[in-house]
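The next block holds one structure in the form of structure tokens; read it before the comments.
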Amino acid sequence: MITIQNNDGDRRVLLLDSPFALDESPDFPEYLFDVVFIANSSAEETKTILSSINPVTSSKCCYKPLFVASALKGKMGNYDEIIDGYADDWNAMEVLTEIENIIDYNNKIGLTTQEDPILSSNQFFIRLTRYLISRKKTILEPQLDVSASTGYVIPVFDLFYRLGFYELSEYFVFMQSMTEKGLFRTSKFVNKVYLCPTCLHSHILNIHSCPKCGQSSIKMEEVIHHFRCANVSPEHTYNFGGQLRCPKCHKILRHIGVDYDRPTTIHTCNTCGNTFIEPKMKTICTSCHETHDADQLIPQDINIYEITSEGKQSIISPNIGFTIYTEFYDNYIEYNRFVNRIRLLAEQKFTGNIKGDLLVGKIWILNEDGETMPIRSEGIELTCLYFPTNKVSAANNITYIGSVIRNYTGDTEEGIINFQIMLAETIRAAVPILNPGEKICCTYMKLHGNQSTIDDFIKEMDFVSPTPDDSVAYDPNAPKKPKELQ
Ligand SMILES: [Zn+2]
Ligand SMILES: [Zn+2]
Ligand SMILES: [Zn+2]
């Protein structure tokens, strides 16, 4: 059963009791409902429904209030983090109040409900952070969880990690980058932990092993120092009929501290017989089963983070998706910086300081009516990956690639052809990000003329060419996600 009904507060409630492919269904568009109510008393079934219908990753349910049956209170584990309340009557006073509080607050901070499908982990992180801001949960506090990947996890993040929305390395980069940008701040240091360098999991066993042969079957024994004759040897050499007797001078030992002491312990390897003071510390990861030396583990600070007030503003802003590329890809730069750079290179070319051709590649998407479509973050990611040594930027529904072709062995033709080939490969790799009816196009501009034509060149960058050099259309058989971004 799935239906939409008005509640007493005149909000439209999407009611459902079983799994439903809501985001894919044309029957329940986002604008037809304000609230989601899942009426199912099985915790397992409700978790299954929530893994797709939830206020974080569902494009249609984004940031909308969500309630589940009251019988599930205390049974939802980490799913509790994305539930606004437990109730059986969607007109109960506390439900109506909570709905109004959430909707009012989202309106106040300007959080719009419509979102695109999530295609990258960065998009997911921004969506989750927006959700947390919407629910005023701006303190991100890790908890110890024996079943979790890194031991300490922020429960709501871990819920989606288990649903496959991101890799651990992406999570650490995201947290670090948000902190460096001042969008998050460390409000408290919790602990420094050491993670497996292969998989970043924390469940690591410490193993003492023989420094000579590496085996871990070792026995530990105290060493006895007999003062009278200065003999120093392992305890077992003193054992004699239940008494301690010196193996060198044969006197019976009586009082520790008076006639003997135990200065240290030694280890003996059961495999090779080697004796040593300090065993070698090795680790084995219970997740990936790799063995590492203890000093190879990755130190990781576990902190309580807080979303700063600057963070709240920028994360809610629709442009955040692009500003974070500057953190993830060294070659992505903001568009005004890109234009300044092109202008500078153009001037350098005309004054003779740069030998070579200045090119600007452009990539854009057209819908079936021939209109340009807003830039998609995966398109920028792909371009950054395909042109790692070029500057990449985006504006005006166009993704830009700057290039100076410098290979002056004979002429520049070969360099230009290579640039064209890379553009053609990039748009082919980007086919999975197209929707039905769309095509992705590319072309490049080459700077000609003299000083006085620089402004025209810059101006022309704003426009797409009616006759692109190359284009590829939507392909229904393409994978859902570009393989480079999987
Ligand atoms: Zn050994
Ligand atoms: Zn002795
Ligand atoms: Zn591992």
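By order of appearance in the structure tokens: chains A, B, ..., then residues from 1 within every chain, and ligands from 1 in the order shown.
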Find the residues near ligand 3. Use a cut-off of 10 Å, count only C-alpha atoms and all ligand atoms, and write them as a PDB file with all heavy atoms, in the first residue's frame.
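Contents of selection29.pdb, freshly written:
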ATOM      1  N   SER A 149      33.701  -0.660  11.057  1.00  0.00           N
ATOM      2  CA  SER A 149      34.958  -0.676  10.317  1.00  0.00           C
ATOM      3  C   SER A 149      36.140  -0.061  11.052  1.00  0.00           C
ATOM      4  O   SER A 149      37.196  -0.666  11.162  1.00  0.00           O
ATOM      5  CB  SER A 149      34.740   0.101   9.029  1.00  0.00           C
ATOM      6  OG  SER A 149      34.215   1.387   9.353  1.00  0.00           O
ATOM      7  N   LEU A 195      45.336   2.444  12.220  1.00  0.00           N
ATOM      8  CA  LEU A 195      44.494   1.697  11.287  1.00  0.00           C
ATOM      9  C   LEU A 195      45.343   0.864  10.335  1.00  0.00           C
ATOM     10  O   LEU A 195      46.507   1.184  10.064  1.00  0.00           O
ATOM     11  CB  LEU A 195      43.626   2.666  10.474  1.00  0.00           C
ATOM     12  CG  LEU A 195      42.756   3.623  11.298  1.00  0.00           C
ATOM     13  CD1 LEU A 195      42.017   4.590  10.376  1.00  0.00           C
ATOM     14  CD2 LEU A 195      41.772   2.868  12.171  1.00  0.00           C
ATOM     15  N   CYS A 196      44.738  -0.170   9.801  1.00  0.00           N
ATOM     16  CA  CYS A 196      45.416  -1.034   8.830  1.00  0.00           C
ATOM     17  C   CYS A 196      45.760  -0.210   7.578  1.00  0.00           C
ATOM     18  O   CYS A 196      44.885   0.420   6.995  1.00  0.00           O
ATOM     19  CB  CYS A 196      44.485  -2.191   8.464  1.00  0.00           C
ATOM     20  SG  CYS A 196      45.063  -3.137   7.052  1.00  0.00           S
ATOM     21  N   PRO A 197      47.037  -0.209   7.155  1.00  0.00           N
ATOM     22  CA  PRO A 197      47.388   0.595   5.978  1.00  0.00           C
ATOM     23  C   PRO A 197      46.780   0.074   4.680  1.00  0.00           C
ATOM     24  O   PRO A 197      46.694   0.806   3.699  1.00  0.00           O
ATOM     25  CB  PRO A 197      48.922   0.531   5.927  1.00  0.00           C
ATOM     26  CG  PRO A 197      49.326  -0.576   6.814  1.00  0.00           C
ATOM     27  CD  PRO A 197      48.185  -0.891   7.746  1.00  0.00           C
ATOM     28  N   THR A 198      46.328  -1.177   4.674  1.00  0.00           N
ATOM     29  CA  THR A 198      45.737  -1.716   3.453  1.00  0.00           C
ATOM     30  C   THR A 198      44.271  -1.340   3.316  1.00  0.00           C
ATOM     31  O   THR A 198      43.841  -0.875   2.263  1.00  0.00           O
ATOM     32  CB  THR A 198      45.889  -3.253   3.416  1.00  0.00           C
ATOM     33  OG1 THR A 198      47.269  -3.564   3.599  1.00  0.00           O
ATOM     34  CG2 THR A 198      45.397  -3.834   2.107  1.00  0.00           C
ATOM     35  N   CYS A 199      43.492  -1.524   4.399  1.00  0.00           N
ATOM     36  CA  CYS A 199      42.037  -1.340   4.247  1.00  0.00           C
ATOM     37  C   CYS A 199      41.461  -0.278   5.186  1.00  0.00           C
ATOM     38  O   CYS A 199      40.267  -0.006   5.129  1.00  0.00           O
ATOM     39  CB  CYS A 199      41.309  -2.663   4.443  1.00  0.00           C
ATOM     40  SG  CYS A 199      41.294  -3.241   6.147  1.00  0.00           S
ATOM     41  N   LEU A 200      42.284   0.298   6.062  1.00  0.00           N
ATOM     42  CA  LEU A 200      41.863   1.342   7.002  1.00  0.00           C
ATOM     43  C   LEU A 200      40.900   0.854   8.088  1.00  0.00           C
ATOM     44  O   LEU A 200      40.308   1.661   8.788  1.00  0.00           O
ATOM     45  CB  LEU A 200      41.280   2.565   6.275  1.00  0.00           C
ATOM     46  CG  LEU A 200      42.247   3.309   5.371  1.00  0.00           C
ATOM     47  CD1 LEU A 200      41.527   4.434   4.638  1.00  0.00           C
ATOM     48  CD2 LEU A 200      43.420   3.891   6.161  1.00  0.00           C
ATOM     49  N   HIS A 201      40.747  -0.457   8.226  1.00  0.00           N
ATOM     50  CA  HIS A 201      39.942  -0.959   9.340  1.00  0.00           C
ATOM     51  C   HIS A 201      40.779  -0.929  10.614  1.00  0.00           C
ATOM     52  O   HIS A 201      42.008  -0.891  10.577  1.00  0.00           O
ATOM     53  CB  HIS A 201      39.471  -2.387   9.056  1.00  0.00           C
ATOM     54  CG  HIS A 201      38.281  -2.433   8.149  1.00  0.00           C
ATOM     55  ND1 HIS A 201      37.098  -3.013   8.509  1.00  0.00           N
ATOM     56  CD2 HIS A 201      38.103  -1.957   6.900  1.00  0.00           C
ATOM     57  CE1 HIS A 201      36.231  -2.891   7.521  1.00  0.00           C
ATOM     58  NE2 HIS A 201      36.815  -2.264   6.521  1.00  0.00           N
ATOM     59  N   SER A 202      40.065  -0.976  11.746  1.00  0.00           N
ATOM     60  CA  SER A 202      40.783  -0.821  13.017  1.00  0.00           C
ATOM     61  C   SER A 202      40.962  -2.136  13.749  1.00  0.00           C
ATOM     62  O   SER A 202      41.653  -2.180  14.748  1.00  0.00           O
ATOM     63  CB  SER A 202      39.991   0.120  13.916  1.00  0.00           C
ATOM     64  OG  SER A 202      38.749  -0.488  14.221  1.00  0.00           O
ATOM     65  N   HIS A 203      40.310  -3.178  13.286  1.00  0.00           N
ATOM     66  CA  HIS A 203      40.354  -4.413  14.072  1.00  0.00           C
ATOM     67  C   HIS A 203      41.611  -5.203  13.748  1.00  0.00           C
ATOM     68  O   HIS A 203      41.645  -6.017  12.846  1.00  0.00           O
ATOM     69  CB  HIS A 203      39.080  -5.219  13.875  1.00  0.00           C
ATOM     70  CG  HIS A 203      37.896  -4.457  14.350  1.00  0.00           C
ATOM     71  ND1 HIS A 203      37.775  -4.037  15.655  1.00  0.00           N
ATOM     72  CD2 HIS A 203      36.825  -3.974  13.711  1.00  0.00           C
ATOM     73  CE1 HIS A 203      36.660  -3.360  15.788  1.00  0.00           C
ATOM     74  NE2 HIS A 203      36.070  -3.286  14.619  1.00  0.00           N
ATOM     75  N   ILE A 204      42.614  -4.904  14.545  1.00  0.00           N
ATOM     76  CA  ILE A 204      43.958  -5.374  14.285  1.00  0.00           C
ATOM     77  C   ILE A 204      44.433  -6.158  15.496  1.00  0.00           C
ATOM     78  O   ILE A 204      44.231  -5.734  16.633  1.00  0.00           O
ATOM     79  CB  ILE A 204      44.855  -4.147  14.027  1.00  0.00           C
ATOM     80  CG1 ILE A 204      44.525  -3.590  12.646  1.00  0.00           C
ATOM     81  CG2 ILE A 204      46.312  -4.473  14.169  1.00  0.00           C
ATOM     82  CD1 ILE A 204      45.107  -2.244  12.394  1.00  0.00           C
ATOM     83  N   THR A 283      51.351  -6.923  13.263  1.00  0.00           N
ATOM     84  CA  THR A 283      49.892  -6.873  13.382  1.00  0.00           C
ATOM     85  C   THR A 283      49.279  -7.695  12.261  1.00  0.00           C
ATOM     86  O   THR A 283      49.857  -7.818  11.180  1.00  0.00           O
ATOM     87  CB  THR A 283      49.356  -5.436  13.252  1.00  0.00           C
ATOM     88  OG1 THR A 283      49.607  -4.976  11.920  1.00  0.00           O
ATOM     89  CG2 THR A 283      49.997  -4.498  14.242  1.00  0.00           C
ATOM     90  N   ILE A 284      48.115  -8.234  12.555  1.00  0.00           N
ATOM     91  CA  ILE A 284      47.337  -8.867  11.484  1.00  0.00           C
ATOM     92  C   ILE A 284      45.948  -8.245  11.504  1.00  0.00           C
ATOM     93  O   ILE A 284      45.365  -8.040  12.571  1.00  0.00           O
ATOM     94  CB  ILE A 284      47.316 -10.405  11.614  1.00  0.00           C
ATOM     95  CG1 ILE A 284      46.559 -11.022  10.443  1.00  0.00           C
ATOM     96  CG2 ILE A 284      46.729 -10.858  12.927  1.00  0.00           C
ATOM     97  CD1 ILE A 284      46.886 -12.489  10.220  1.00  0.00           C
ATOM     98  N   CYS A 285      45.471  -7.869  10.318  1.00  0.00           N
ATOM     99  CA  CYS A 285      44.181  -7.185  10.201  1.00  0.00           C
ATOM    100  C   CYS A 285      43.084  -8.240  10.084  1.00  0.00           C
ATOM    101  O   CYS A 285      43.149  -9.112   9.225  1.00  0.00           O
ATOM    102  CB  CYS A 285      44.188  -6.275   8.983  1.00  0.00           C
ATOM    103  SG  CYS A 285      42.579  -5.552   8.630  1.00  0.00           S
ATOM    104  N   THR A 286      42.074  -8.147  10.952  1.00  0.00           N
ATOM    105  CA  THR A 286      40.997  -9.143  10.920  1.00  0.00           C
ATOM    106  C   THR A 286      40.077  -8.931   9.723  1.00  0.00           C
ATOM    107  O   THR A 286      39.294  -9.797   9.383  1.00  0.00           O
ATOM    108  CB  THR A 286      40.145  -9.092  12.207  1.00  0.00           C
ATOM    109  OG1 THR A 286      39.656  -7.766  12.351  1.00  0.00           O
ATOM    110  CG2 THR A 286      40.949  -9.477  13.422  1.00  0.00           C
ATOM    111  N   SER A 287      40.209  -7.759   9.073  1.00  0.00           N
ATOM    112  CA  SER A 287      39.331  -7.507   7.934  1.00  0.00           C
ATOM    113  C   SER A 287      39.958  -7.971   6.619  1.00  0.00           C
ATOM    114  O   SER A 287      39.370  -8.751   5.888  1.00  0.00           O
ATOM    115  CB  SER A 287      38.997  -6.020   7.885  1.00  0.00           C
ATOM    116  OG  SER A 287      38.256  -5.729   6.744  1.00  0.00           O
ATOM    117  N   CYS A 288      41.183  -7.489   6.324  1.00  0.00           N
ATOM    118  CA  CYS A 288      41.786  -7.863   5.035  1.00  0.00           C
ATOM    119  C   CYS A 288      42.830  -8.971   5.171  1.00  0.00           C
ATOM    120  O   CYS A 288      43.371  -9.434   4.164  1.00  0.00           O
ATOM    121  CB  CYS A 288      42.396  -6.634   4.355  1.00  0.00           C
ATOM    122  SG  CYS A 288      43.876  -6.033   5.163  1.00  0.00           S
ATOM    123  N   HIS A 289      43.132  -9.374   6.412  1.00  0.00           N
ATOM    124  CA  HIS A 289      44.060 -10.479   6.698  1.00  0.00           C
ATOM    125  C   HIS A 289      45.520 -10.173   6.353  1.00  0.00           C
ATOM    126  O   HIS A 289      46.345 -11.071   6.337  1.00  0.00           O
ATOM    127  CB  HIS A 289      43.630 -11.786   5.990  1.00  0.00           C
ATOM    128  CG  HIS A 289      42.275 -12.264   6.403  1.00  0.00           C
ATOM    129  ND1 HIS A 289      41.777 -13.490   6.074  1.00  0.00           N
ATOM    130  CD2 HIS A 289      41.305 -11.662   7.145  1.00  0.00           C
ATOM    131  CE1 HIS A 289      40.537 -13.625   6.567  1.00  0.00           C
ATOM    132  NE2 HIS A 289      40.242 -12.520   7.216  1.00  0.00           N
ATOM    133  N   GLU A 290      45.828  -8.901   6.084  1.00  0.00           N
ATOM    134  CA  GLU A 290      47.217  -8.548   5.780  1.00  0.00           C
ATOM    135  C   GLU A 290      48.012  -8.420   7.077  1.00  0.00           C
ATOM    136  O   GLU A 290      47.487  -8.004   8.112  1.00  0.00           O
ATOM    137  CB  GLU A 290      47.272  -7.204   5.046  1.00  0.00           C
ATOM    138  CG  GLU A 290      46.747  -7.240   3.623  1.00  0.00           C
ATOM    139  CD  GLU A 290      47.693  -7.927   2.649  1.00  0.00           C
ATOM    140  OE1 GLU A 290      48.915  -7.739   2.791  1.00  0.00           O
ATOM    141  OE2 GLU A 290      47.194  -8.649   1.763  1.00  0.00           O
ATOM    142  N   THR A 291      49.301  -8.755   6.987  1.00  0.00           N
ATOM    143  CA  THR A 291      50.208  -8.600   8.121  1.00  0.00           C
ATOM    144  C   THR A 291      51.084  -7.367   7.882  1.00  0.00           C
ATOM    145  O   THR A 291      51.566  -7.168   6.771  1.00  0.00           O
ATOM    146  CB  THR A 291      51.108  -9.847   8.226  1.00  0.00           C
ATOM    147  OG1 THR A 291      50.264 -10.983   8.278  1.00  0.00           O
ATOM    148  CG2 THR A 291      51.957  -9.808   9.468  1.00  0.00           C
ATOM    149  N   HIS A 292      51.252  -6.554   8.902  1.00  0.00           N
ATOM    150  CA  HIS A 292      52.122  -5.379   8.786  1.00  0.00           C
ATOM    151  C   HIS A 292      52.971  -5.258  10.039  1.00  0.00           C
ATOM    152  O   HIS A 292      52.579  -5.747  11.101  1.00  0.00           O
ATOM    153  CB  HIS A 292      51.291  -4.097   8.647  1.00  0.00           C
ATOM    154  CG  HIS A 292      50.452  -4.044   7.418  1.00  0.00           C
ATOM    155  ND1 HIS A 292      49.124  -4.361   7.420  1.00  0.00           N
ATOM    156  CD2 HIS A 292      50.761  -3.716   6.143  1.00  0.00           C
ATOM    157  CE1 HIS A 292      48.638  -4.241   6.192  1.00  0.00           C
ATOM    158  NE2 HIS A 292      49.608  -3.865   5.396  1.00  0.00           N
ATOM    159  N   LEU A 297      51.394   1.013  10.659  1.00  0.00           N
ATOM    160  CA  LEU A 297      49.970   1.348  10.814  1.00  0.00           C
ATOM    161  C   LEU A 297      49.763   2.853  10.632  1.00  0.00           C
ATOM    162  O   LEU A 297      50.663   3.652  10.886  1.00  0.00           O
ATOM    163  CB  LEU A 297      49.473   0.920  12.196  1.00  0.00           C
ATOM    164  CG  LEU A 297      49.546  -0.578  12.492  1.00  0.00           C
ATOM    165  CD1 LEU A 297      48.986  -0.846  13.891  1.00  0.00           C
ATOM    166  CD2 LEU A 297      48.779  -1.396  11.451  1.00  0.00           C
TER     167      LEU A 297
END
| task | Give me every strand (DSSP E or B) residue in region 44-285 of chain A, going by DSSP on the backbone, as number ranges by chain. | result | A: 66-68, 85-86, 139-140, 143-144, 152-153, 184-195, 204-209, 218-226, 231-234, 239-240, 243-245, 252, 256, 260-269, 275-276, 280-285
Which residues of chain A sit at most 7 Å from ligand 2, using only C-alpha atoms and all ligand atoms? Give each one's shortest atom pair and distance in Å (one decimal place), in chain and ascending residue order, as a tab-separated table.
residue	atom	partner	partner_atom_place_in_ligand_line	distance
A:His226	CA	ligand 2	1 (Zn)	5.1
A:Arg228	CA	ligand 2	1 (Zn)	5.6
A:Cys229	CA	ligand 2	1 (Zn)	4.3
A:Ala230	CA	ligand 2	1 (Zn)	6.4
A:Asn231	CA	ligand 2	1 (Zn)	5.5
A:Cys246	CA	ligand 2	1 (Zn)	4.5
A:Pro247	CA	ligand 2	1 (Zn)	6.6
A:Lys248	CA	ligand 2	1 (Zn)	5.1
A:Cys249	CA	ligand 2	1 (Zn)	4.1
A:His250	CA	ligand 2	1 (Zn)	6.0
A:Lys251	CA	ligand 2	1 (Zn)	6.0
| message | At a cut-off of 12 Å around ligand 1, and using only C-alpha atoms and all ligand atoms, what residues come up? Please write them as JSON, numbers by chain. | response | {"A": [208, 209, 210, 211, 212, 213, 214, 215, 216, 217, 218, 219, 267, 268, 269, 270, 271, 272, 273, 274, 275, 276, 279, 280]}
| Selection: 8 Å around Ile266 (chain A), only C-alpha atoms, excl. self and same-chain fewer than 5 positions, as a list in words |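 The contact residues come out as Met220, Glu221, Glu222, Val223, Pro234, Thr275, Phe276, Ile277 and Glu278 of chain A.
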